[in-house]
>>> print(open('input04.cif').read())   # mmCIF, C-alpha atoms
data_protein
#
loop_
_atom_site.label_atom_id
_atom_site.label_comp_id
_atom_site.auth_asym_id
_atom_site.auth_seq_id
_atom_site.Cartn_x
_atom_site.Cartn_y
_atom_site.Cartn_z
CA MET A 1 0.00 0.00 0.00
CA ALA A 2 1.34 3.44 -0.94
CA ASP A 3 2.18 5.76 1.94
CA TYR A 4 1.97 9.56 2.11
CA LYS A 5 5.59 10.00 1.04
CA GLY A 6 5.06 7.69 -1.91
CA ILE A 7 2.04 9.71 -3.04
CA LYS A 8 3.27 13.24 -2.31
CA GLY A 9 7.04 12.78 -2.46
CA PHE A 10 7.72 14.02 1.06
CA LYS A 11 6.99 13.07 4.65
CA VAL A 12 4.37 14.59 6.93
CA GLN A 13 6.00 17.32 9.04
CA TYR A 14 6.27 16.78 12.80
CA LEU A 15 5.76 20.19 14.51
CA SER A 16 5.64 21.20 18.17
CA ALA A 17 2.92 23.76 17.38
CA ASP A 18 0.51 24.48 14.54
CA PRO A 19 2.06 26.76 11.84
CA SER A 20 1.06 30.43 12.21
CA ASN A 21 0.26 30.88 8.50
CA PRO A 22 -0.61 27.49 7.04
CA ILE A 23 -1.49 27.19 3.35
CA VAL A 24 -4.57 25.41 2.03
CA GLY A 25 -3.80 21.71 1.60
CA GLN A 26 -0.92 21.67 4.08
CA ILE A 27 -0.80 18.65 6.41
CA TRP A 28 1.27 18.14 9.59
CA TYR A 29 1.44 16.23 12.85
CA ASN A 30 1.27 18.30 16.04
CA ASP A 31 3.65 16.44 18.34
CA THR A 32 2.41 18.39 21.39
CA SER A 33 -1.31 17.64 21.05
CA LYS A 34 -0.62 14.32 19.25
CA ASN A 35 -3.03 15.23 16.43
CA LEU A 36 -2.75 14.96 12.66
CA LYS A 37 -3.95 18.22 11.14
CA PHE A 38 -4.52 19.90 7.78
CA THR A 39 -5.69 23.24 6.35
CA GLU A 40 -8.78 23.61 4.20
CA PHE A 41 -10.60 26.62 2.71
CA ALA A 42 -13.65 27.24 4.88
CA PRO A 43 -16.71 29.37 4.04
CA ALA A 44 -17.80 32.27 6.24
CA SER A 45 -19.86 31.37 9.28
CA ILE A 46 -21.80 32.83 12.20
CA ALA A 47 -21.86 31.13 15.60
CA SER A 48 -23.43 31.97 18.94
CA GLY A 49 -21.10 33.46 21.54
CA GLY A 50 -21.55 33.80 25.29
CA ASN A 51 -24.53 35.77 26.59
CA LEU A 52 -24.04 39.13 28.28
CA ASN A 53 -24.83 39.20 32.00
CA THR A 54 -26.77 42.44 31.53
CA THR A 55 -29.37 42.41 28.73
CA ARG A 56 -29.20 45.68 26.80
CA ARG A 57 -29.40 47.59 23.53
CA GLY A 58 -27.42 50.69 22.64
CA VAL A 59 -24.38 48.84 23.99
CA SER A 60 -20.86 49.79 22.88
CA GLY A 61 -17.93 47.48 22.20
CA ALA A 62 -14.13 47.48 21.93
CA GLY A 63 -11.36 44.92 21.42
CA THR A 64 -11.29 41.66 19.45
CA GLN A 65 -13.46 38.60 19.03
CA THR A 66 -11.70 36.74 21.85
CA ALA A 67 -10.79 39.70 24.06
CA ALA A 68 -13.64 42.21 24.02
CA LEU A 69 -15.24 44.83 26.24
CA ALA A 70 -18.96 45.74 26.34
CA PHE A 71 -20.18 48.81 28.19
CA SER A 72 -23.19 51.10 28.64
CA GLY A 73 -26.64 50.39 27.20
CA TYR A 74 -30.37 50.52 27.75
CA THR A 75 -31.98 47.52 29.47
CA GLY A 76 -35.48 48.23 28.19
CA THR A 77 -36.46 50.11 31.32
CA SER A 78 -33.37 52.15 32.22
CA THR A 79 -29.83 53.06 31.24
CA THR A 80 -26.94 51.03 32.64
CA ALA A 81 -23.29 51.69 33.52
CA SER A 82 -22.48 47.97 33.35
CA THR A 83 -19.13 46.95 31.82
CA GLU A 84 -18.31 43.36 30.88
CA SER A 85 -15.15 41.60 29.66
CA TYR A 86 -15.17 38.68 27.16
CA ASN A 87 -12.55 35.93 26.95
CA GLY A 88 -13.83 34.25 23.80
CA THR A 89 -16.29 32.06 25.73
CA ALA A 90 -17.98 33.94 28.55
CA TRP A 91 -18.65 37.47 29.81
CA THR A 92 -17.49 38.66 33.23
CA THR A 93 -18.89 41.78 34.91
CA VAL A 94 -16.18 44.30 35.83
CA THR A 95 -16.14 47.89 37.11
CA GLY A 96 -18.94 49.95 35.55
CA LEU A 97 -18.85 53.40 33.96
CA PRO A 98 -19.14 56.41 36.30
CA THR A 99 -22.54 57.24 34.77
CA ALA A 100 -25.33 55.10 33.33
CA VAL A 101 -25.55 55.92 29.62
CA TYR A 102 -26.30 54.36 26.23
CA ASN A 103 -25.43 54.98 22.56
CA THR A 104 -21.90 56.01 23.55
CA GLY A 105 -19.09 56.40 21.05
CA ALA A 106 -16.51 53.65 21.52
CA THR A 107 -13.00 52.70 20.37
CA GLY A 108 -9.93 50.89 21.71
CA THR A 109 -9.13 47.49 23.18
CA GLN A 110 -10.23 45.30 26.07
CA THR A 111 -7.58 46.88 28.31
CA ALA A 112 -7.50 50.42 26.87
CA ALA A 113 -10.94 51.57 25.71
CA LEU A 114 -12.50 54.99 25.11
CA SER A 115 -16.13 55.98 25.73
CA PHE A 116 -17.54 59.38 24.79
CA GLY A 117 -20.92 61.10 24.75
CA GLY A 118 -24.16 59.13 24.66
CA ASN A 119 -27.73 59.33 25.89
CA LEU A 120 -28.63 59.82 29.53
CA ASP A 121 -32.10 59.08 30.86
CA PRO A 122 -33.08 61.82 30.31
CA GLY A 123 -30.52 64.14 28.70
CA VAL A 124 -27.26 63.98 26.79
CA ASN A 125 -23.83 62.98 28.05
CA SER A 126 -20.79 65.27 27.69
CA ALA A 127 -18.29 62.93 29.39
CA THR A 128 -15.24 61.18 28.00
CA ASN A 129 -14.10 58.10 29.92
CA LEU A 130 -10.95 55.97 29.62
CA TRP A 131 -10.69 52.29 30.61
CA ASN A 132 -7.34 50.94 31.88
CA GLY A 133 -8.27 47.28 32.18
CA SER A 134 -9.75 47.55 35.67
CA ALA A 135 -11.39 50.98 36.08
CA TRP A 136 -12.74 54.02 34.20
CA THR A 137 -11.27 57.52 34.60
CA ALA A 138 -12.68 60.80 33.35
CA GLY A 139 -11.16 62.66 30.40
CA ALA A 140 -11.90 66.02 28.75
CA ALA A 141 -15.36 66.78 27.35
CA PRO A 142 -15.81 67.30 23.57
CA THR A 143 -14.74 70.86 22.72
CA LEU A 144 -17.43 71.86 20.21
CA ALA A 145 -20.33 70.29 22.06
CA PRO A 146 -19.82 70.93 25.78
CA SER A 147 -23.51 70.25 26.36
CA GLY A 148 -23.09 66.72 25.04
CA ILE A 149 -23.06 64.49 21.96
CA PHE A 150 -24.93 61.26 21.32
CA GLU A 151 -25.41 58.52 18.71
CA GLY A 152 -21.81 59.22 17.72
CA ARG A 153 -19.36 56.71 16.28
CA GLY A 154 -15.58 56.55 16.47
CA ALA A 155 -12.59 54.90 14.85
CA GLY A 156 -9.16 54.54 16.43
CA THR A 157 -7.59 53.89 19.80
CA GLN A 158 -7.78 55.24 23.33
CA THR A 159 -5.12 57.83 22.48
CA ALA A 160 -6.08 58.66 18.86
CA THR A 161 -9.74 58.59 17.79
CA ILE A 162 -11.74 60.36 15.07
CA THR A 163 -15.48 60.75 15.53
CA CYS A 164 -17.55 59.65 12.54
CA GLY A 165 -20.77 61.60 12.88
CA THR A 166 -22.36 62.85 16.11
CA ARG A 167 -25.64 64.43 17.09
CA THR A 168 -25.46 67.40 19.44
CA ASN A 169 -27.75 68.62 22.19
CA LEU A 170 -28.70 71.77 20.28
CA PRO A 171 -32.04 73.14 19.01
CA SER A 172 -31.17 71.49 15.67
CA PRO A 173 -28.64 68.72 14.89
CA ALA A 174 -25.14 69.83 13.90
CA ASN A 175 -22.56 68.08 11.66
CA ILE A 176 -19.70 68.06 14.17
CA ASN A 177 -16.64 65.80 14.12
CA GLU A 178 -13.67 65.90 16.48
CA PHE A 179 -10.28 64.27 17.02
CA TRP A 180 -9.17 62.86 20.38
CA ASP A 181 -5.38 62.83 21.04
CA GLY A 182 -5.53 61.06 24.39
CA THR A 183 -5.89 64.30 26.33
CA SER A 184 -8.27 66.67 24.54
CA TRP A 185 -10.69 67.06 21.62
CA THR A 186 -10.16 69.33 18.59
CA SER A 187 -12.36 70.12 15.60
CA THR A 188 -12.06 68.16 12.33
CA PRO A 189 -13.94 68.44 9.00
CA GLY A 190 -17.55 67.26 8.99
CA LEU A 191 -18.93 64.42 6.88
CA ASN A 192 -20.13 65.11 3.34
CA THR A 193 -23.49 63.64 4.32
CA PHE A 194 -24.44 64.47 7.89
CA ARG A 195 -25.28 61.26 9.76
CA THR A 196 -25.17 59.60 13.13
CA SER A 197 -25.46 55.95 14.23
CA GLY A 198 -23.57 54.62 11.21
CA GLY A 199 -21.21 51.67 11.24
CA THR A 200 -17.46 52.37 11.39
CA ALA A 201 -14.11 50.75 10.70
CA GLY A 202 -10.45 51.76 10.72
CA ASN A 203 -8.46 54.24 12.79
CA SER A 204 -7.97 57.97 13.32
CA THR A 205 -6.07 58.50 10.03
CA SER A 206 -7.87 55.96 7.84
CA ALA A 207 -11.52 55.47 8.75
CA LEU A 208 -14.77 54.35 7.18
CA VAL A 209 -18.36 55.26 8.07
CA TYR A 210 -21.38 53.69 6.35
CA GLY A 211 -25.14 53.75 6.63
CA GLY A 212 -26.56 55.71 9.52
CA GLU A 213 -29.34 58.21 10.04
CA GLY A 214 -29.74 61.86 9.01
CA PRO A 215 -31.11 64.82 10.96
CA THR A 216 -34.51 63.80 9.63
CA PRO A 217 -35.56 60.10 9.71
CA THR A 218 -33.51 59.25 6.60
CA ILE A 219 -31.45 56.02 6.46
CA PHE A 220 -28.41 56.16 4.18
CA LEU A 221 -26.76 53.69 1.79
CA SER A 222 -23.71 55.89 1.34
CA THR A 223 -20.16 55.23 2.54
CA GLU A 224 -17.47 57.81 3.35
CA GLU A 225 -13.73 57.37 3.84
CA TRP A 226 -11.42 59.51 6.00
CA ASN A 227 -7.78 59.95 4.88
CA GLY A 228 -6.56 61.90 7.88
CA SER A 229 -7.64 65.31 6.60
CA ALA A 230 -10.91 65.00 4.64
CA TRP A 231 -13.90 62.75 3.94
CA SER A 232 -14.57 61.34 0.45
CA THR A 233 -17.74 59.60 -0.74
CA GLN A 234 -17.37 55.94 -1.77
CA ASN A 235 -19.67 53.30 -3.26
CA ASN A 236 -23.02 52.63 -1.61
CA LYS A 237 -24.06 49.66 0.44
CA SER A 238 -26.89 47.52 -0.92
CA GLN A 239 -28.91 47.96 2.29
CA GLY A 240 -29.36 51.11 4.29
CA VAL A 241 -29.26 50.51 8.06
CA LYS A 242 -28.65 52.44 11.27
CA TYR A 243 -27.23 51.20 14.58
CA SER A 244 -25.30 48.39 12.88
CA ASN A 245 -22.32 48.42 15.27
CA GLN A 246 -21.23 50.64 18.13
CA GLY A 247 -17.49 50.08 18.09
CA PRO A 248 -15.34 49.92 14.92
CA VAL A 249 -14.97 46.58 13.11
CA GLY A 250 -12.30 46.09 10.41
CA THR A 251 -10.33 48.56 8.30
CA VAL A 252 -11.02 50.82 5.30
CA SER A 253 -10.01 47.97 2.97
CA THR A 254 -11.72 45.09 4.82
CA ALA A 255 -14.84 46.25 6.65
CA LEU A 256 -17.94 44.41 7.81
CA SER A 257 -21.56 45.55 8.07
CA PHE A 258 -23.53 43.27 10.36
CA GLY A 259 -27.27 43.60 10.90
CA GLY A 260 -28.62 46.97 12.02
CA LEU A 261 -32.06 48.58 11.97
CA THR A 262 -33.84 49.07 8.64
CA PRO A 263 -35.77 52.25 7.74
CA THR A 264 -38.83 50.63 9.35
CA SER A 265 -36.77 49.93 12.52
CA VAL A 266 -36.79 46.16 11.95
CA GLY A 267 -33.60 44.23 12.75
CA SER A 268 -31.75 43.30 9.55
CA THR A 269 -30.20 39.85 9.05
CA ALA A 270 -27.91 41.06 6.24
CA VAL A 271 -24.11 40.83 6.33
CA GLU A 272 -22.09 42.93 3.87
CA LEU A 273 -18.34 43.02 3.19
CA TYR A 274 -16.30 45.99 1.94
CA ASP A 275 -13.09 45.38 -0.05
CA GLY A 276 -11.82 48.95 -0.12
CA THR A 277 -13.88 49.83 -3.18
CA SER A 278 -17.30 48.22 -3.10
CA TRP A 279 -19.71 46.26 -0.92
CA SER A 280 -20.82 42.66 -1.52
CA THR A 281 -23.59 40.77 0.26
CA SER A 282 -22.59 37.60 2.07
CA PRO A 283 -24.73 34.48 1.54
CA VAL A 284 -24.38 33.92 5.29
CA THR A 285 -26.99 35.85 7.25
CA LEU A 286 -27.84 36.39 10.89
CA PRO A 287 -30.21 33.81 12.41
CA THR A 288 -32.12 36.75 13.89
CA GLY A 289 -32.06 40.39 12.83
CA LYS A 290 -30.53 42.70 15.43
CA GLY A 291 -29.68 46.36 15.74
CA GLU A 292 -28.09 48.61 18.40
CA MET A 293 -25.32 46.06 19.01
CA GLY A 294 -21.82 46.59 20.30
CA GLY A 295 -19.09 45.58 17.85
CA ALA A 296 -15.47 44.42 18.15
CA GLY A 297 -12.84 42.68 16.04
CA SER A 298 -12.05 42.49 12.33
CA SER A 299 -13.79 41.54 9.09
CA SER A 300 -12.40 38.01 9.44
CA ALA A 301 -13.11 37.55 13.17
CA ALA A 302 -15.77 39.81 14.68
CA LEU A 303 -18.00 39.84 17.74
CA TYR A 304 -21.40 41.53 18.10
CA MET A 305 -23.19 41.68 21.42
CA GLY A 306 -26.56 42.72 22.83
CA GLY A 307 -29.05 44.77 20.81
CA ASN A 308 -32.74 44.54 20.04
CA SER A 309 -34.29 41.74 18.02
CA PRO A 310 -36.54 43.06 16.56
CA ALA A 311 -38.33 44.93 19.33
CA SER A 312 -37.21 43.13 22.49
CA VAL A 313 -33.84 43.78 24.13
CA VAL A 314 -31.49 40.76 24.08
CA ASN A 315 -28.22 39.63 25.69
CA THR A 316 -27.02 37.32 22.90
CA SER A 317 -23.66 37.51 21.12
CA PHE A 318 -22.74 36.48 17.57
CA GLU A 319 -19.24 35.50 16.44
CA TRP A 320 -18.44 36.05 12.76
CA THR A 321 -15.65 34.12 11.04
CA GLY A 322 -14.82 35.19 7.49
CA GLU A 323 -14.02 32.76 4.70
CA GLY A 324 -10.40 31.60 4.43
CA PRO A 325 -7.93 28.93 5.53
CA ALA A 326 -9.05 26.88 8.53
CA THR A 327 -7.11 24.27 10.50
CA LYS A 328 -8.84 20.91 10.98
CA THR A 329 -7.95 17.81 12.98
CA ILE A 330 -7.99 14.46 11.18
CA THR A 331 -9.85 11.85 13.18
CA VAL A 332 -10.29 8.15 12.59
CA SER A 333 -13.49 6.46 13.72
#
>>> encode(input="input04.cif", output="structure tokens")
Amino acid sequence: MADYKGIKGFKVQYLSADPSNPIVGQIWYNDTSKNLKFTEFAPASIASGGNLNTTRRGVSGAGTQTAALAFSGYTGTSTTASTESYNGTAWTTVTGLPTAVYNTGATGTQTAALSFGGNLDPGVNSATNLWNGSAWTAGAAPTLAPSGIFEGRGAGTQTATITCGTRTNLPSPANINEFWDGTSWTSTPGLNTFRTSGGTAGNSTSALVYGGEGPTPTIFLSTEEWNGSAWSTQNNKSQGVKYSNQGPVGTVSTALSFGGLTPTSVGSTAVELYDGTSWSTSPVTLPTGKGEMGGAGSSSAALYMGGNSPASVVNTSFEWTGEGPATKTITVS
């Protein structure tokens, strides 16, 4: 009987750990776990993650799929200051925000997150808060909107964030954007199409905002890209949604739009992918439409938590895995 070397011309590799960047079709033996493994091309998928301890919508997220932070939100009856940490399996309640709030802007990581603005109950929040992995501390208020901003979105880190559309506590909404340098806020150019509650991706010098809601109840398809000094209009999404993710997911060349609320305020099940030029609709859809979710991660490994589905507030999480190489264990039964 022919063996693997006779068929392929080389022996199966014995490795102490799985290769960091395996190629499709590669096969090896993991001498530590004592498993024979290979790499195949896997389609995109959505799986259930751990449930939040505090059920809420209008929740904000930061971090990655396996190391995320969820904070703020509206439980259905009141705002919450609750903050939770995710380890890839379960959520743990940690120190809450100084003030109960929802629809906050959010960026950063599980150990260094930024929260700004948001809705109070009642009123509008003017606070900026910084998370150090164990507690929140207060930062400077937004310069151009000292009375507060809400339904804003951000892209970046705890020390360098660009806002991507905010609504102000003024007699009429204002198209205000600002840059956070870790200490204070300064004015930046406004969006070409004034919106709030859009999805975001990227960082403070290369950001993307898509969808969202106008000063009147208008839901947008349009996408805008930030190059560090100005916004430019890009190709439209196929579906217009608001409240798709509160917390940036992906980059300007590989972004993800996940659910959101439709113009009739129904939770969308659609998933769309951005390749730096245009959007495409994934054949994989959400099992249940949700909006007002927190978001974290990348276009290949994202996490979405909480939200409303379609009218009730939920505590569920979804884990998105994009298509690409996947390591599998060979078993014999």
>>> closest_residue(input="input04.cif", among="A:Ser253, A:Ser134, A:Asn192, A:Thr64", to="A:Thr95", atoms="all atoms listed in the file")
A:Ser134
>>> closest_residue(input="input04.cif", among="A:Asn87, A:Gly291, A:Pro325, A:Ile330", to="A:Asn21", atoms="all atoms listed in the file")
A:Pro325
>>> closest_residue(input="input04.cif", among="A:Gly154, A:Gly322, A:Gly118, A:Gly214", to="A:Ser72", atoms="all atoms listed in the file")
A:Gly118
>>> residues_around(input="input04.cif", residues="A:Lys237", least_positions_apart="3", cutoff="7 Å", atoms="all atoms listed in the file", output="short mmCIF file (atom, residue, chain, number, x, y, z; two decimals) with C-alpha atoms, in the frame of the given file")
data_model
loop_
_atom_site.label_atom_id
_atom_site.label_comp_id
_atom_site.auth_asym_id
_atom_site.auth_seq_id
_atom_site.Cartn_x
_atom_site.Cartn_y
_atom_site.Cartn_z
CA LEU A 221 -26.76 53.69 1.79
CA SER A 222 -23.71 55.89 1.34
CA GLY A 240 -29.36 51.11 4.29
CA TRP A 279 -19.71 46.26 -0.92
#
>>> atom_distance(input="input04.cif", atom1="atom CA of A:Trp226", atom2="atom CA of A:Thr200")
10.8 Å
>>> resolve_selection(input="input04.cif", expression="the PyMOL selection byres ((chain A and resi 179-183) around 8)", output="CSV table (one decimal) with C-alpha atoms, keeping the file's coordinate frame")
chain,number,residue,atom,x,y,z
A,139,GLY,CA,-11.2,62.7,30.4
A,140,ALA,CA,-11.9,66.0,28.8
A,158,GLN,CA,-7.8,55.2,23.3
A,159,THR,CA,-5.1,57.8,22.5
A,160,ALA,CA,-6.1,58.7,18.9
A,161,THR,CA,-9.7,58.6,17.8
A,162,ILE,CA,-11.7,60.4,15.1
A,163,THR,CA,-15.5,60.8,15.5
A,177,ASN,CA,-16.6,65.8,14.1
A,178,GLU,CA,-13.7,65.9,16.5
A,184,SER,CA,-8.3,66.7,24.5
A,185,TRP,CA,-10.7,67.1,21.6
A,186,THR,CA,-10.2,69.3,18.6
A,187,SER,CA,-12.4,70.1,15.6
A,188,THR,CA,-12.1,68.2,12.3
A,204,SER,CA,-8.0,58.0,13.3
>>> resolve_selection(input="input04.cif", expression="the PyMOL selection byres ((chain A and resi 145) around 9)", output="list of chain:residue names")
A:Ser126, A:Ala141, A:Pro142, A:Thr143, A:Leu144, A:Pro146, A:Ser147, A:Gly148, A:Ile149, A:Thr168, A:Asn169, A:Leu170, A:Ile176
>>> resolve_selection(input="input04.cif", expression="the PyMOL selection byres ((chain A and resi 50) around 9)", output="PyMOL selection string")
chain A and resi 48-49+51-52+86+88-91+305+315-318
>>> closest_residue(input="input04.cif", among="A:Ala302, A:Leu36, A:Met293, A:Ala326", to="A:Gln65", atoms="only C-alpha atoms")
A:Ala302
>>> residues_around(input="input04.cif", residues="A:Ile23", least_positions_apart="4", cutoff="12 Å", atoms="all atoms listed in the file", output="ChimeraX atom specification")
/A:18-19,27-28,38-41,324-327
>>> closest_residue(input="input04.cif", among="A:Ala311, A:Ala230, A:Ala138, A:Ile46", to="A:Leu286", atoms="only C-alpha atoms")
A:Ile46
>>> atom_distance(input="input04.cif", atom1="atom CA of A:Thr128", atom2="atom CA of A:Glu151")
14.0 Å
>>> atom_distance(input="input04.cif", atom1="atom CA of A:Val209", atom2="atom CA of A:Asn236")
11.1 Å
>>> closest_residue(input="input04.cif", among="A:Thr254, A:Asn129, A:Ser309, A:Thr285", to="A:Thr99", atoms="only C-alpha atoms")
A:Asn129
>>> residues_near_point(input="input04.cif", point="(-19.9, 43.1, 17.4)", cutoff="8 Å", atoms="all atoms listed in the file", output="mmCIF file with C-alpha atoms, in the coordinates of the input")
data_model
loop_
_atom_site.group_PDB
_atom_site.id
_atom_site.type_symbol
_atom_site.label_atom_id
_atom_site.label_comp_id
_atom_site.auth_asym_id
_atom_site.auth_seq_id
_atom_site.Cartn_x
_atom_site.Cartn_y
_atom_site.Cartn_z
ATOM 1 C CA GLY A 61 -17.930 47.480 22.200
ATOM 2 C CA ASN A 245 -22.320 48.420 15.270
ATOM 3 C CA GLN A 246 -21.230 50.640 18.130
ATOM 4 C CA GLY A 247 -17.490 50.080 18.090
ATOM 5 C CA VAL A 249 -14.970 46.580 13.110
ATOM 6 C CA PHE A 258 -23.530 43.270 10.360
ATOM 7 C CA MET A 293 -25.320 46.060 19.010
ATOM 8 C CA GLY A 294 -21.820 46.590 20.300
ATOM 9 C CA GLY A 295 -19.090 45.580 17.850
ATOM 10 C CA ALA A 296 -15.470 44.420 18.150
ATOM 11 C CA GLY A 297 -12.840 42.680 16.040
ATOM 12 C CA ALA A 302 -15.770 39.810 14.680
ATOM 13 C CA LEU A 303 -18.000 39.840 17.740
ATOM 14 C CA TYR A 304 -21.400 41.530 18.100
ATOM 15 C CA MET A 305 -23.190 41.680 21.420
ATOM 16 C CA SER A 317 -23.660 37.510 21.120
ATOM 17 C CA PHE A 318 -22.740 36.480 17.570
ATOM 18 C CA GLU A 319 -19.240 35.500 16.440
#
>>> build_atoms(input="input04.cif", residues="stretch 247-259 of chain A", atoms="N, CA and C atoms", output="PDB file, in the frame of the given file")
ATOM      1  N   GLY A 247     -18.850  50.543  17.909  1.00  0.00           N
ATOM      2  CA  GLY A 247     -17.490  50.080  18.090  1.00  0.00           C
ATOM      3  C   GLY A 247     -16.970  49.668  16.729  1.00  0.00           C
ATOM      4  N   PRO A 248     -15.812  50.187  16.281  1.00  0.00           N
ATOM      5  CA  PRO A 248     -15.340  49.920  14.920  1.00  0.00           C
ATOM      6  C   PRO A 248     -14.975  48.455  14.698  1.00  0.00           C
ATOM      7  N   VAL A 249     -15.286  47.946  13.490  1.00  0.00           N
ATOM      8  CA  VAL A 249     -14.970  46.580  13.110  1.00  0.00           C
ATOM      9  C   VAL A 249     -14.293  46.591  11.743  1.00  0.00           C
ATOM     10  N   GLY A 250     -13.012  46.173  11.682  1.00  0.00           N
ATOM     11  CA  GLY A 250     -12.300  46.090  10.410  1.00  0.00           C
ATOM     12  C   GLY A 250     -11.507  47.342  10.083  1.00  0.00           C
ATOM     13  N   THR A 251     -11.121  47.455   8.805  1.00  0.00           N
ATOM     14  CA  THR A 251     -10.330  48.560   8.300  1.00  0.00           C
ATOM     15  C   THR A 251     -11.019  49.176   7.077  1.00  0.00           C
ATOM     16  N   VAL A 252     -10.416  50.205   6.481  1.00  0.00           N
ATOM     17  CA  VAL A 252     -11.020  50.820   5.300  1.00  0.00           C
ATOM     18  C   VAL A 252     -10.953  49.899   4.080  1.00  0.00           C
ATOM     19  N   SER A 253     -10.115  48.891   4.112  1.00  0.00           N
ATOM     20  CA  SER A 253     -10.010  47.970   2.970  1.00  0.00           C
ATOM     21  C   SER A 253     -10.691  46.627   3.228  1.00  0.00           C
ATOM     22  N   THR A 254     -11.022  46.337   4.476  1.00  0.00           N
ATOM     23  CA  THR A 254     -11.720  45.090   4.820  1.00  0.00           C
ATOM     24  C   THR A 254     -12.685  45.361   5.960  1.00  0.00           C
ATOM     25  N   ALA A 255     -13.853  45.895   5.632  1.00  0.00           N
ATOM     26  CA  ALA A 255     -14.840  46.250   6.650  1.00  0.00           C
ATOM     27  C   ALA A 255     -16.020  45.295   6.593  1.00  0.00           C
ATOM     28  N   LEU A 256     -16.810  45.310   7.665  1.00  0.00           N
ATOM     29  CA  LEU A 256     -17.940  44.410   7.810  1.00  0.00           C
ATOM     30  C   LEU A 256     -19.153  45.185   8.303  1.00  0.00           C
ATOM     31  N   SER A 257     -20.284  45.002   7.619  1.00  0.00           N
ATOM     32  CA  SER A 257     -21.560  45.550   8.070  1.00  0.00           C
ATOM     33  C   SER A 257     -22.431  44.392   8.498  1.00  0.00           C
ATOM     34  N   PHE A 258     -22.911  44.428   9.730  1.00  0.00           N
ATOM     35  CA  PHE A 258     -23.530  43.270  10.360  1.00  0.00           C
ATOM     36  C   PHE A 258     -24.865  43.683  10.966  1.00  0.00           C
ATOM     37  N   GLY A 259     -25.967  43.269  10.361  1.00  0.00           N
ATOM     38  CA  GLY A 259     -27.270  43.600  10.900  1.00  0.00           C
ATOM     39  C   GLY A 259     -27.543  45.098  10.895  1.00  0.00           C
TER      40      GLY A 259
END
